[in-house]
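Notes for the one structure printed next.
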Amino acid sequence: MPSFDIGDEDFLLDGRPLQIVSGALHYFRVHPDQWADRLRKARLMGLNTIETYVAWNFHAPARGEFRTDGPRDLGRFLDLAAAEGLHTIVRPGPYICAEWTGGGLPAWLFTDPTVGVRRAEPQFLAAIEDYYAAVAGIVAPRQVTAGGPVLMVQVENEYGAYGDDPLAERQHYLRTLTAMLRHHGIDVPLFTSDQANDEHLARGGLPELHRTANFGSRTTERLATLRRHQPTGPLMCTEFWDGWFDSWGLHHHVTAPEANAADLDALLAAGASVNLYMFHGGTNFGFTSGANDKGTYRPLTTSYDYDAPLAEHGAPTAKFHALRTVIARHRPVPDELPTEASPAPELTVSLDRHVPLDEVVGLLGTAQRFEHAPTHDDVAAWDGFVRYRTHITADDAVLVVDEVRDRALVALDGEPVGLLDRTTHTTAVALPARAGELTLLVEDAGRVNYGPRIGEPKGLIGPARTARRELTGWDVTPLRFDDDGGTLREEVTAALRAAAPSGADVPLPGPVLVHGTFASAEGADHFLALDGWAKGVVWFNGFCLGRYWSAGPTRTLYVPGPLVRATGNEIVVLELHGTRRSTAQLVAGPGLGPTEE
């Protein structure tokens, strides 16, 4: 029977030492028709293993669901890795961070405030039990012990960085998760992964689980720290940070390939195993990007390029070649190199049909009546937008909320009057001195993925007040842009197709949906630029590419080639604020923005 074990000095595959040289590739951030291409390029760089998180909320968008269709087909992804001759490591959390909305934890799980977060609370554990059972049903038959590619499975994720529960309670939680995985047939080695400092490594693991560490520099020092907490067995850096993520409004992060290469060389020379985080970052399609909040709320960009060896669109970078050269010093590397990416088609697309958002709200959801302003979670809106409506009087004067999560466009009788914004801590807007219908279009810009604010609700928090009273009598509509298959609702597209052409040079006020069509090279990657637009969301042939924002740094949205048809390609843009002209540019390559260097 095949085996994978943790020996006194090495990982042992069928009894023989194996130095794991792995790369992170999240199947849920890559179009499934491109999985095979990305996996092949991993092998060509010299990797022998692929690591992936499993995002619980991606598979379970609603309570009682566990979907494995299309981009959620974890089994197919693992099989494709095996077909490429790669081992795999699976990290199912339940919490994954990953700069993914909610850190992978489903928002529906926390509608009851008594549910625990990352602790041994019965309701939380019961939900994990169901989740682990579903994941294990895919992973267990693909373990190396069953002839498959899966070498190891992680328990939790960077748990040492979370919370202040007593050590005994923390260990009880980890042991409970371990027992669940074993009960559901996971028999390969289990491990934990924490940042490479003494506090996190001590708090985040168990004596009976193999400890690994996360770092991106000072290799010798960090391995020594890990060895203090893992006295025997192979050393492994589970997240070798070779780049970094981007937040809206900040710079595009890059790291020097030469520095990454030197640190990787030192790590492999020490005999340690490694997982490059990331090998290929991919894209936060749809509403899947997370956020950080350490006093200032910072939502993550749609691009998860991460300055990784393989760029967002699958092109090998200078870092790819630098790290491949290092790997070749320590293990065999294929002679073949991936081909360089060709420039993408360049076009100007006229988006000449539009419909104000207000005119299609009835197609997107049904209003619910509340006396007091609810949160998004109260109306089962786990991402995206919710419209709130009530009436004000002439002497209400100002709108005030305790907190907005995360952004609200405020209008009176359809006329914009202001913005509530979590990042800038803007919680008040002056109102015109007249009675009318007050509308708030509230955007969930990404659920916090790290720290104590994991699991918090979205929307309007606390009462919404004016200068003289609490506002009551709310009609609240969750806006469901996509159907159950994850495609833009056909009735929305139909309304846009039926709209009269308006011309491409006409400025448009938001919130508005805008539509255009074009022909191009079938199957070719494209890069969509919306210069002159402010903020919103784009769908391409019904697929939600994600958010754009003039705040940057990202200037383009990646359009995966499998989405592109020869003719009849449709772009739909939800523009929240307004655009000076309704044209979009398809440009030759990605624009990830200015760097900090």
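Ligands are numbered from 1 in the order shown, residues from 1 within each chain, and chains are lettered A, B, ... in the order they appear in the structure tokens.
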
A:Pro316 surroundings by only C-alpha atoms, 10 Å radius, close-in-sequence under 2 positions cut, as a count of residues only: 19

Residue contacts of stretch 87-102 of chain A (6 Å, only C-alpha atoms) excluding same-chain residues fewer than 4 positions away, as a PyMOL selection string: chain A and resi 49-54+149-154+156-157+288-290+446-450

Wanna dump the stretch 349-435 of chain A-stretch 568-586 of chain A contacts at 9 Å for me, each residue with its shortest atom pair and the distance in Å to one decimal, counting only C-alpha atoms, ordered by chain and number, as a tab-separated table?
residue	atom	partner	partner_atom	distance
A:Val349	CA	A:Ala584	CA	5.1
A:Ser350	CA	A:Thr583	CA	4.7
A:Leu351	CA	A:Ser582	CA	5.3
A:Asp352	CA	A:Ser582	CA	6.6
A:Arg353	CA	A:Ser582	CA	8.9
A:Leu357	CA	A:Leu574	CA	8.0
A:Leu409	CA	A:Leu576	CA	8.2

With N, CA and C atoms retained, write the just-selected residues as an mmCIF file, in the first residue's frame.
data_model
loop_
_atom_site.group_PDB
_atom_site.id
_atom_site.type_symbol
_atom_site.label_atom_id
_atom_site.label_comp_id
_atom_site.auth_asym_id
_atom_site.auth_seq_id
_atom_site.Cartn_x
_atom_site.Cartn_y
_atom_site.Cartn_z
ATOM 1 N N VAL A 349 -14.611 49.460 -26.907
ATOM 2 C CA VAL A 349 -15.965 48.923 -26.924
ATOM 3 C C VAL A 349 -16.929 50.030 -26.507
ATOM 4 N N SER A 350 -17.917 50.268 -27.342
ATOM 5 C CA SER A 350 -18.956 51.243 -27.026
ATOM 6 C C SER A 350 -20.032 50.572 -26.166
ATOM 7 N N LEU A 351 -20.222 51.098 -24.973
ATOM 8 C CA LEU A 351 -21.288 50.602 -24.098
ATOM 9 C C LEU A 351 -22.461 51.573 -24.230
ATOM 10 N N ASP A 352 -23.260 51.330 -25.243
ATOM 11 C CA ASP A 352 -24.193 52.358 -25.699
ATOM 12 C C ASP A 352 -25.633 52.129 -25.270
ATOM 13 N N ARG A 353 -25.863 51.191 -24.377
ATOM 14 C CA ARG A 353 -27.218 50.987 -23.849
ATOM 15 C C ARG A 353 -27.143 51.001 -22.329
ATOM 16 N N LEU A 357 -30.239 51.809 -12.358
ATOM 17 C CA LEU A 357 -30.392 50.666 -11.459
ATOM 18 C C LEU A 357 -31.789 50.625 -10.855
ATOM 19 N N LEU A 409 -24.321 54.722 -0.725
ATOM 20 C CA LEU A 409 -24.683 55.884 -1.528
ATOM 21 C C LEU A 409 -26.042 56.366 -1.050
#

Atom pair atom CA of A:Val476 / atom CA of A:His59: separation (Å): 27.0 Å

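Within 10 Å of A:Ala146, once only C-alpha atoms are used and residues closer than 2 positions along the same chain are dropped, the contacting residues are A:Met1, A:Pro2, A:Ser3, A:Ala140, A:Pro141, A:Arg142, A:Gln143, A:Val144, A:Gly148, A:Pro149, A:Val150, A:Asp187, A:Val188.
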
Output N, CA and C atoms for every residue in that selection, as a PDB file, in the first residue's frame.
ATOM      1  N   MET A   1       0.850  -1.205   0.000  1.00  0.00           N
ATOM      2  CA  MET A   1       0.000   0.000   0.000  1.00  0.00           C
ATOM      3  C   MET A   1       0.882   1.250   0.000  1.00  0.00           C
ATOM      4  N   PRO A   2       0.566   2.240  -0.856  1.00  0.00           N
ATOM      5  CA  PRO A   2       1.351   3.487  -0.836  1.00  0.00           C
ATOM      6  C   PRO A   2       1.275   4.146   0.537  1.00  0.00           C
ATOM      7  N   SER A   3       2.330   4.882   0.877  1.00  0.00           N
ATOM      8  CA  SER A   3       2.353   5.520   2.194  1.00  0.00           C
ATOM      9  C   SER A   3       3.061   6.864   2.121  1.00  0.00           C
ATOM     10  N   ALA A 140     -10.623  12.102   0.804  1.00  0.00           N
ATOM     11  CA  ALA A 140     -10.210  10.789   1.317  1.00  0.00           C
ATOM     12  C   ALA A 140      -9.927   9.786   0.202  1.00  0.00           C
ATOM     13  N   PRO A 141     -10.774   9.671  -0.833  1.00  0.00           N
ATOM     14  CA  PRO A 141     -10.464   8.709  -1.906  1.00  0.00           C
ATOM     15  C   PRO A 141      -9.241   9.100  -2.737  1.00  0.00           C
ATOM     16  N   ARG A 142      -8.747  10.318  -2.553  1.00  0.00           N
ATOM     17  CA  ARG A 142      -7.617  10.812  -3.336  1.00  0.00           C
ATOM     18  C   ARG A 142      -6.343  10.936  -2.499  1.00  0.00           C
ATOM     19  N   GLN A 143      -6.349  10.365  -1.302  1.00  0.00           N
ATOM     20  CA  GLN A 143      -5.140  10.353  -0.483  1.00  0.00           C
ATOM     21  C   GLN A 143      -4.099   9.417  -1.093  1.00  0.00           C
ATOM     22  N   VAL A 144      -2.850   9.684  -0.785  1.00  0.00           N
ATOM     23  CA  VAL A 144      -1.778   8.839  -1.301  1.00  0.00           C
ATOM     24  C   VAL A 144      -1.953   7.401  -0.837  1.00  0.00           C
ATOM     25  N   GLY A 148      -3.868   8.063  -4.543  1.00  0.00           N
ATOM     26  CA  GLY A 148      -4.100   9.398  -5.076  1.00  0.00           C
ATOM     27  C   GLY A 148      -2.955  10.351  -4.797  1.00  0.00           C
ATOM     28  N   PRO A 149      -3.154  11.651  -5.042  1.00  0.00           N
ATOM     29  CA  PRO A 149      -2.061  12.618  -4.933  1.00  0.00           C
ATOM     30  C   PRO A 149      -1.922  13.285  -3.566  1.00  0.00           C
ATOM     31  N   VAL A 150      -2.924  13.176  -2.664  1.00  0.00           N
ATOM     32  CA  VAL A 150      -2.948  13.992  -1.450  1.00  0.00           C
ATOM     33  C   VAL A 150      -1.986  13.432  -0.403  1.00  0.00           C
ATOM     34  N   ASP A 187      -6.488   9.798   6.627  1.00  0.00           N
ATOM     35  CA  ASP A 187      -5.466   9.021   7.346  1.00  0.00           C
ATOM     36  C   ASP A 187      -4.046   9.457   7.016  1.00  0.00           C
ATOM     37  N   VAL A 188      -3.886  10.414   6.094  1.00  0.00           N
ATOM     38  CA  VAL A 188      -2.551  10.945   5.824  1.00  0.00           C
ATOM     39  C   VAL A 188      -2.146  11.865   6.972  1.00  0.00           C
TER      40      VAL A 188
END

Distance query A:Thr176 at most 12 Å, only C-alpha atoms, self and fewer than 3 positions along chain excluded, as a PyMOL selection string: chain A and resi 118-122+124-126+128-129+132+155-156+169-173+179-183+206

One-decimal distance in Å that lies between atom CA of A:Thr296 and atom CA of A:Thr424: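 Computing it gives 7.7 Å between the two atoms.
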
All strand (DSSP E or B) positions in stretch 241-488 of chain A, as an NGL selection string: :A and (241 or 247 or 252 or 273-280 or 283 or 289 or 291-293 or 297-300 or 303 or 310 or 316 or 347-350 or 353-356 or 368-370 or 375 or 384-392 or 398-405 or 407-412 or 415-421 or 426 or 428-430 or 436-444 or 448 or 459-465 or 470 or 474-479 or 482 or 487-488)

Shell around stretch 134-138 of chain A at 8 Å using only C-alpha atoms, local window under 5 positions removed, as a list of chain:residue names: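 Contacts, with the query itself left out: A:Phe66, A:Leu74, A:Gly75, A:Pro92, A:Leu181, A:His184, A:Gly185, A:Ile186.
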
Include C-alpha atoms and write out the residues we just selected as a short mmCIF file (atom, residue, chain, number, x, y, z; two decimals), in the first residue's frame.
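Result file result-v8.cif:
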data_model
loop_
_atom_site.label_atom_id
_atom_site.label_comp_id
_atom_site.auth_asym_id
_atom_site.auth_seq_id
_atom_site.Cartn_x
_atom_site.Cartn_y
_atom_site.Cartn_z
CA PHE A 66 -22.27 21.95 -0.51
CA LEU A 74 -12.19 20.22 -6.04
CA GLY A 75 -12.07 16.56 -7.05
CA PRO A 92 -9.60 23.00 4.39
CA LEU A 181 -10.95 14.56 10.06
CA HIS A 184 -14.20 10.97 8.10
CA GLY A 185 -11.37 8.90 6.67
CA ILE A 186 -8.41 11.28 6.48
#

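Of the listed residues A:Val21, A:Val386, A:Leu557, A:Ala55, the one whose atoms come nearest to A:Leu364 is A:Val386, with distances taken using only C-alpha atoms.
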
Would you mind writing down, as a PDB file with N, CA and C atoms, in the first residue's frame, each residue of stretch 85-294 of chain A that DSSP on the backbone assigns to alpha helix (DSSP H)?
ATOM      1  N   PRO A 122     -20.457  24.414  20.508  1.00  0.00           N
ATOM      2  CA  PRO A 122     -21.172  23.295  19.887  1.00  0.00           C
ATOM      3  C   PRO A 122     -21.770  23.591  18.515  1.00  0.00           C
ATOM      4  N   GLN A 123     -22.389  24.767  18.324  1.00  0.00           N
ATOM      5  CA  GLN A 123     -23.006  25.058  17.026  1.00  0.00           C
ATOM      6  C   GLN A 123     -21.942  25.204  15.933  1.00  0.00           C
ATOM      7  N   PHE A 124     -20.846  25.858  16.266  1.00  0.00           N
ATOM      8  CA  PHE A 124     -19.743  26.007  15.307  1.00  0.00           C
ATOM      9  C   PHE A 124     -19.166  24.642  14.957  1.00  0.00           C
ATOM     10  N   LEU A 125     -18.955  23.804  15.959  1.00  0.00           N
ATOM     11  CA  LEU A 125     -18.400  22.484  15.712  1.00  0.00           C
ATOM     12  C   LEU A 125     -19.351  21.615  14.891  1.00  0.00           C
ATOM     13  N   ALA A 126     -20.647  21.721  15.145  1.00  0.00           N
ATOM     14  CA  ALA A 126     -21.607  20.931  14.373  1.00  0.00           C
ATOM     15  C   ALA A 126     -21.572  21.304  12.897  1.00  0.00           C
ATOM     16  N   ALA A 127     -21.439  22.594  12.617  1.00  0.00           N
ATOM     17  CA  ALA A 127     -21.347  23.025  11.222  1.00  0.00           C
ATOM     18  C   ALA A 127     -20.057  22.529  10.585  1.00  0.00           C
ATOM     19  N   ILE A 128     -18.951  22.581  11.336  1.00  0.00           N
ATOM     20  CA  ILE A 128     -17.679  22.076  10.807  1.00  0.00           C
ATOM     21  C   ILE A 128     -17.767  20.585  10.537  1.00  0.00           C
ATOM     22  N   GLU A 129     -18.442  19.857  11.404  1.00  0.00           N
ATOM     23  CA  GLU A 129     -18.605  18.413  11.202  1.00  0.00           C
ATOM     24  C   GLU A 129     -19.209  18.133   9.828  1.00  0.00           C
ATOM     25  N   ASP A 130     -20.272  18.854   9.480  1.00  0.00           N
ATOM     26  CA  ASP A 130     -20.901  18.663   8.167  1.00  0.00           C
ATOM     27  C   ASP A 130     -19.953  19.068   7.039  1.00  0.00           C
ATOM     28  N   TYR A 131     -19.260  20.182   7.237  1.00  0.00           N
ATOM     29  CA  TYR A 131     -18.318  20.657   6.223  1.00  0.00           C
ATOM     30  C   TYR A 131     -17.186  19.659   6.015  1.00  0.00           C
ATOM     31  N   TYR A 132     -16.568  19.212   7.098  1.00  0.00           N
ATOM     32  CA  TYR A 132     -15.475  18.250   6.986  1.00  0.00           C
ATOM     33  C   TYR A 132     -15.941  16.951   6.326  1.00  0.00           C
ATOM     34  N   ALA A 133     -17.155  16.520   6.646  1.00  0.00           N
ATOM     35  CA  ALA A 133     -17.673  15.300   6.024  1.00  0.00           C
ATOM     36  C   ALA A 133     -17.737  15.456   4.510  1.00  0.00           C
ATOM     37  N   ALA A 134     -18.202  16.634   4.042  1.00  0.00           N
ATOM     38  CA  ALA A 134     -18.297  16.862   2.603  1.00  0.00           C
ATOM     39  C   ALA A 134     -16.919  16.941   1.957  1.00  0.00           C
ATOM     40  N   VAL A 135     -15.990  17.669   2.596  1.00  0.00           N
ATOM     41  CA  VAL A 135     -14.635  17.787   2.035  1.00  0.00           C
ATOM     42  C   VAL A 135     -13.941  16.432   2.026  1.00  0.00           C
ATOM     43  N   ALA A 136     -14.064  15.694   3.119  1.00  0.00           N
ATOM     44  CA  ALA A 136     -13.401  14.392   3.197  1.00  0.00           C
ATOM     45  C   ALA A 136     -13.957  13.423   2.167  1.00  0.00           C
ATOM     46  N   GLY A 137     -15.223  13.583   1.830  1.00  0.00           N
ATOM     47  CA  GLY A 137     -15.779  12.726   0.791  1.00  0.00           C
ATOM     48  C   GLY A 137     -15.078  12.889  -0.546  1.00  0.00           C
ATOM     49  N   ILE A 138     -14.488  14.057  -0.764  1.00  0.00           N
ATOM     50  CA  ILE A 138     -13.717  14.321  -1.986  1.00  0.00           C
ATOM     51  C   ILE A 138     -12.254  13.956  -1.794  1.00  0.00           C
ATOM     52  N   VAL A 139     -11.696  14.316  -0.634  1.00  0.00           N
ATOM     53  CA  VAL A 139     -10.256  14.191  -0.420  1.00  0.00           C
ATOM     54  C   VAL A 139      -9.852  12.770  -0.043  1.00  0.00           C
ATOM     55  N   LEU A 167      -4.883  28.127  26.725  1.00  0.00           N
ATOM     56  CA  LEU A 167      -4.237  27.110  25.893  1.00  0.00           C
ATOM     57  C   LEU A 167      -4.996  25.795  25.920  1.00  0.00           C
ATOM     58  N   ALA A 168      -5.510  25.388  27.070  1.00  0.00           N
ATOM     59  CA  ALA A 168      -6.233  24.122  27.154  1.00  0.00           C
ATOM     60  C   ALA A 168      -7.473  24.131  26.255  1.00  0.00           C
ATOM     61  N   GLU A 169      -8.189  25.269  26.206  1.00  0.00           N
ATOM     62  CA  GLU A 169      -9.367  25.366  25.350  1.00  0.00           C
ATOM     63  C   GLU A 169      -8.986  25.363  23.880  1.00  0.00           C
ATOM     64  N   ARG A 170      -7.900  26.011  23.555  1.00  0.00           N
ATOM     65  CA  ARG A 170      -7.423  26.037  22.178  1.00  0.00           C
ATOM     66  C   ARG A 170      -7.050  24.627  21.730  1.00  0.00           C
ATOM     67  N   GLN A 171      -6.365  23.919  22.571  1.00  0.00           N
ATOM     68  CA  GLN A 171      -5.946  22.565  22.216  1.00  0.00           C
ATOM     69  C   GLN A 171      -7.147  21.626  22.102  1.00  0.00           C
ATOM     70  N   HIS A 172      -8.142  21.831  22.954  1.00  0.00           N
ATOM     71  CA  HIS A 172      -9.365  21.021  22.850  1.00  0.00           C
ATOM     72  C   HIS A 172     -10.030  21.251  21.492  1.00  0.00           C
ATOM     73  N   TYR A 173     -10.093  22.499  21.061  1.00  0.00           N
ATOM     74  CA  TYR A 173     -10.664  22.817  19.749  1.00  0.00           C
ATOM     75  C   TYR A 173      -9.893  22.116  18.631  1.00  0.00           C
ATOM     76  N   LEU A 174      -8.578  22.227  18.642  1.00  0.00           N
ATOM     77  CA  LEU A 174      -7.768  21.590  17.598  1.00  0.00           C
ATOM     78  C   LEU A 174      -7.894  20.073  17.638  1.00  0.00           C
ATOM     79  N   ARG A 175      -7.961  19.510  18.822  1.00  0.00           N
ATOM     80  CA  ARG A 175      -8.106  18.042  18.925  1.00  0.00           C
ATOM     81  C   ARG A 175      -9.474  17.598  18.415  1.00  0.00           C
ATOM     82  N   THR A 176     -10.482  18.422  18.639  1.00  0.00           N
ATOM     83  CA  THR A 176     -11.808  18.083  18.126  1.00  0.00           C
ATOM     84  C   THR A 176     -11.803  18.073  16.598  1.00  0.00           C
ATOM     85  N   LEU A 177     -11.175  19.073  15.980  1.00  0.00           N
ATOM     86  CA  LEU A 177     -11.084  19.105  14.517  1.00  0.00           C
ATOM     87  C   LEU A 177     -10.291  17.913  14.001  1.00  0.00           C
ATOM     88  N   THR A 178      -9.203  17.580  14.685  1.00  0.00           N
ATOM     89  CA  THR A 178      -8.383  16.433  14.287  1.00  0.00           C
ATOM     90  C   THR A 178      -9.207  15.150  14.314  1.00  0.00           C
ATOM     91  N   ALA A 179      -9.969  14.963  15.387  1.00  0.00           N
ATOM     92  CA  ALA A 179     -10.793  13.759  15.500  1.00  0.00           C
ATOM     93  C   ALA A 179     -11.845  13.700  14.396  1.00  0.00           C
ATOM     94  N   MET A 180     -12.413  14.856  14.033  1.00  0.00           N
ATOM     95  CA  MET A 180     -13.394  14.887  12.942  1.00  0.00           C
ATOM     96  C   MET A 180     -12.769  14.413  11.628  1.00  0.00           C
ATOM     97  N   LEU A 181     -11.601  14.949  11.312  1.00  0.00           N
ATOM     98  CA  LEU A 181     -10.946  14.561  10.060  1.00  0.00           C
ATOM     99  C   LEU A 181     -10.622  13.074  10.047  1.00  0.00           C
ATOM    100  N   ARG A 182     -10.119  12.566  11.141  1.00  0.00           N
ATOM    101  CA  ARG A 182      -9.814  11.133  11.212  1.00  0.00           C
ATOM    102  C   ARG A 182     -11.092  10.299  11.085  1.00  0.00           C
ATOM    103  N   HIS A 183     -12.156  10.747  11.749  1.00  0.00           N
ATOM    104  CA  HIS A 183     -13.425  10.026  11.693  1.00  0.00           C
ATOM    105  C   HIS A 183     -13.948   9.923  10.262  1.00  0.00           C
ATOM    106  N   ASP A 198       7.685  32.582  18.206  1.00  0.00           N
ATOM    107  CA  ASP A 198       7.499  31.652  19.311  1.00  0.00           C
ATOM    108  C   ASP A 198       6.064  31.652  19.830  1.00  0.00           C
ATOM    109  N   GLU A 199       5.467  32.818  19.951  1.00  0.00           N
ATOM    110  CA  GLU A 199       4.117  32.883  20.499  1.00  0.00           C
ATOM    111  C   GLU A 199       3.114  32.145  19.623  1.00  0.00           C
ATOM    112  N   HIS A 200       3.137  32.406  18.336  1.00  0.00           N
ATOM    113  CA  HIS A 200       2.163  31.795  17.439  1.00  0.00           C
ATOM    114  C   HIS A 200       2.376  30.291  17.328  1.00  0.00           C
ATOM    115  N   LEU A 201       3.614  29.859  17.221  1.00  0.00           N
ATOM    116  CA  LEU A 201       3.872  28.432  17.112  1.00  0.00           C
ATOM    117  C   LEU A 201       3.471  27.684  18.381  1.00  0.00           C
ATOM    118  N   ALA A 202       3.653  28.306  19.544  1.00  0.00           N
ATOM    119  CA  ALA A 202       3.277  27.663  20.802  1.00  0.00           C
ATOM    120  C   ALA A 202       1.763  27.571  20.944  1.00  0.00           C
ATOM    121  N   ARG A 203       1.032  28.591  20.480  1.00  0.00           N
ATOM    122  CA  ARG A 203      -0.416  28.664  20.684  1.00  0.00           C
ATOM    123  C   ARG A 203      -1.210  27.973  19.582  1.00  0.00           C
ATOM    124  N   THR A 219      15.565  33.249   6.390  1.00  0.00           N
ATOM    125  CA  THR A 219      15.296  31.822   6.399  1.00  0.00           C
ATOM    126  C   THR A 219      15.965  31.096   7.558  1.00  0.00           C
ATOM    127  N   THR A 220      17.242  31.298   7.755  1.00  0.00           N
ATOM    128  CA  THR A 220      17.975  30.564   8.793  1.00  0.00           C
ATOM    129  C   THR A 220      17.382  30.829  10.171  1.00  0.00           C
ATOM    130  N   GLU A 221      17.092  32.081  10.460  1.00  0.00           N
ATOM    131  CA  GLU A 221      16.509  32.453  11.752  1.00  0.00           C
ATOM    132  C   GLU A 221      15.124  31.829  11.937  1.00  0.00           C
ATOM    133  N   ARG A 222      14.324  31.871  10.909  1.00  0.00           N
ATOM    134  CA  ARG A 222      12.949  31.361  11.017  1.00  0.00           C
ATOM    135  C   ARG A 222      12.924  29.835  11.137  1.00  0.00           C
ATOM    136  N   LEU A 223      13.819  29.147  10.449  1.00  0.00           N
ATOM    137  CA  LEU A 223      13.889  27.696  10.606  1.00  0.00           C
ATOM    138  C   LEU A 223      14.327  27.325  12.018  1.00  0.00           C
ATOM    139  N   ALA A 224      15.222  28.115  12.582  1.00  0.00           N
ATOM    140  CA  ALA A 224      15.651  27.857  13.964  1.00  0.00           C
ATOM    141  C   ALA A 224      14.484  28.046  14.934  1.00  0.00           C
ATOM    142  N   THR A 225      13.654  29.052  14.695  1.00  0.00           N
ATOM    143  CA  THR A 225      12.478  29.252  15.538  1.00  0.00           C
ATOM    144  C   THR A 225      11.538  28.058  15.425  1.00  0.00           C
ATOM    145  N   LEU A 226      11.300  27.601  14.208  1.00  0.00           N
ATOM    146  CA  LEU A 226      10.431  26.439  14.015  1.00  0.00           C
ATOM    147  C   LEU A 226      10.999  25.212  14.710  1.00  0.00           C
ATOM    148  N   ARG A 227      12.319  25.015  14.654  1.00  0.00           N
ATOM    149  CA  ARG A 227      12.923  23.820  15.247  1.00  0.00           C
ATOM    150  C   ARG A 227      12.737  23.797  16.767  1.00  0.00           C
ATOM    151  N   ARG A 228      12.658  24.955  17.389  1.00  0.00           N
ATOM    152  CA  ARG A 228      12.410  24.982  18.835  1.00  0.00           C
ATOM    153  C   ARG A 228      11.050  24.380  19.180  1.00  0.00           C
ATOM    154  N   HIS A 229      10.109  24.487  18.260  1.00  0.00           N
ATOM    155  CA  HIS A 229       8.760  24.001  18.530  1.00  0.00           C
ATOM    156  C   HIS A 229       8.471  22.662  17.850  1.00  0.00           C
ATOM    157  N   PRO A 257      12.749  39.527  -7.242  1.00  0.00           N
ATOM    158  CA  PRO A 257      13.004  38.117  -7.521  1.00  0.00           C
ATOM    159  C   PRO A 257      14.328  37.621  -6.941  1.00  0.00           C
ATOM    160  N   GLU A 258      15.370  38.471  -6.957  1.00  0.00           N
ATOM    161  CA  GLU A 258      16.684  38.031  -6.462  1.00  0.00           C
ATOM    162  C   GLU A 258      16.630  37.739  -4.967  1.00  0.00           C
ATOM    163  N   ALA A 259      15.880  38.557  -4.210  1.00  0.00           N
ATOM    164  CA  ALA A 259      15.758  38.323  -2.769  1.00  0.00           C
ATOM    165  C   ALA A 259      14.968  37.054  -2.500  1.00  0.00           C
ATOM    166  N   ASN A 260      13.865  36.850  -3.214  1.00  0.00           N
ATOM    167  CA  ASN A 260      13.102  35.617  -3.069  1.00  0.00           C
ATOM    168  C   ASN A 260      13.961  34.398  -3.388  1.00  0.00           C
ATOM    169  N   ALA A 261      14.738  34.505  -4.452  1.00  0.00           N
ATOM    170  CA  ALA A 261      15.575  33.384  -4.870  1.00  0.00           C
ATOM    171  C   ALA A 261      16.620  33.043  -3.816  1.00  0.00           C
ATOM    172  N   ALA A 262      17.257  34.052  -3.235  1.00  0.00           N
ATOM    173  CA  ALA A 262      18.286  33.798  -2.223  1.00  0.00           C
ATOM    174  C   ALA A 262      17.689  33.132  -0.994  1.00  0.00           C
ATOM    175  N   ASP A 263      16.527  33.600  -0.560  1.00  0.00           N
ATOM    176  CA  ASP A 263      15.893  32.996   0.613  1.00  0.00           C
ATOM    177  C   ASP A 263      15.431  31.570   0.319  1.00  0.00           C
ATOM    178  N   LEU A 264      14.903  31.335  -0.873  1.00  0.00           N
ATOM    179  CA  LEU A 264      14.489  29.979  -1.232  1.00  0.00           C
ATOM    180  C   LEU A 264      15.692  29.049  -1.313  1.00  0.00           C
ATOM    181  N   ASP A 265      16.786  29.532  -1.855  1.00  0.00           N
ATOM    182  CA  ASP A 265      17.999  28.714  -1.959  1.00  0.00           C
ATOM    183  C   ASP A 265      18.472  28.288  -0.567  1.00  0.00           C
ATOM    184  N   ALA A 266      18.464  29.242   0.374  1.00  0.00           N
ATOM    185  CA  ALA A 266      18.886  28.917   1.740  1.00  0.00           C
ATOM    186  C   ALA A 266      17.954  27.890   2.369  1.00  0.00           C
ATOM    187  N   LEU A 267      16.681  27.997   2.101  1.00  0.00           N
ATOM    188  CA  LEU A 267      15.706  27.078   2.673  1.00  0.00           C
ATOM    189  C   LEU A 267      15.901  25.662   2.138  1.00  0.00           C
ATOM    190  N   LEU A 268      16.020  25.537   0.821  1.00  0.00           N
ATOM    191  CA  LEU A 268      16.186  24.215   0.225  1.00  0.00           C
ATOM    192  C   LEU A 268      17.542  23.610   0.583  1.00  0.00           C
ATOM    193  N   ALA A 269      18.574  24.449   0.675  1.00  0.00           N
ATOM    194  CA  ALA A 269      19.906  23.962   1.050  1.00  0.00           C
ATOM    195  C   ALA A 269      19.908  23.411   2.473  1.00  0.00           C
TER     196      ALA A 269
END

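Nearest to A:His425 of all the residues A:Gly365, A:Gly205, A:Gly295, A:Pro343 is A:Gly295, counting only C-alpha atoms.
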
Minimum-distance residue to A:Val360, chosen among A:Pro32, A:Pro463, A:Pro511, A:Gly103 (using only C-alpha atoms): A:Pro511

Pick from A:Asn284, A:Val274, A:Ser247, A:Pro189, whichever lies nearest to A:Leu13 using only C-alpha atoms: A:Pro189

Who sits within 12 Å of A:Glu346, only C-alpha atoms, same chain under 5 positions skipped, as a tab-separated table (two decimals) with C-alpha atoms, in the first residue's frame:
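What landed in part-v1.tsv:
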chain	number	residue	atom	x	y	z
A	518	PHE	CA	-18.03	43.34	-29.47
A	519	ALA	CA	-16.26	40.69	-31.53
A	520	SER	CA	-12.73	39.49	-30.82
A	521	ALA	CA	-10.36	36.52	-30.84
A	524	ALA	CA	-7.88	34.72	-26.01
A	525	ASP	CA	-7.24	36.38	-22.67
A	526	HIS	CA	-8.34	40.03	-22.52
A	527	PHE	CA	-7.74	42.91	-20.12
A	528	LEU	CA	-10.56	45.37	-19.54
A	529	ALA	CA	-9.74	48.98	-18.59
A	584	ALA	CA	-14.38	50.55	-22.30
A	585	GLN	CA	-10.88	49.74	-23.48
A	586	LEU	CA	-9.48	46.28	-24.05
A	587	VAL	CA	-5.73	46.64	-23.63
A	588	ALA	CA	-2.67	44.55	-24.40
A	589	GLY	CA	-1.75	43.50	-20.87
A	590	PRO	CA	-2.51	43.84	-17.18
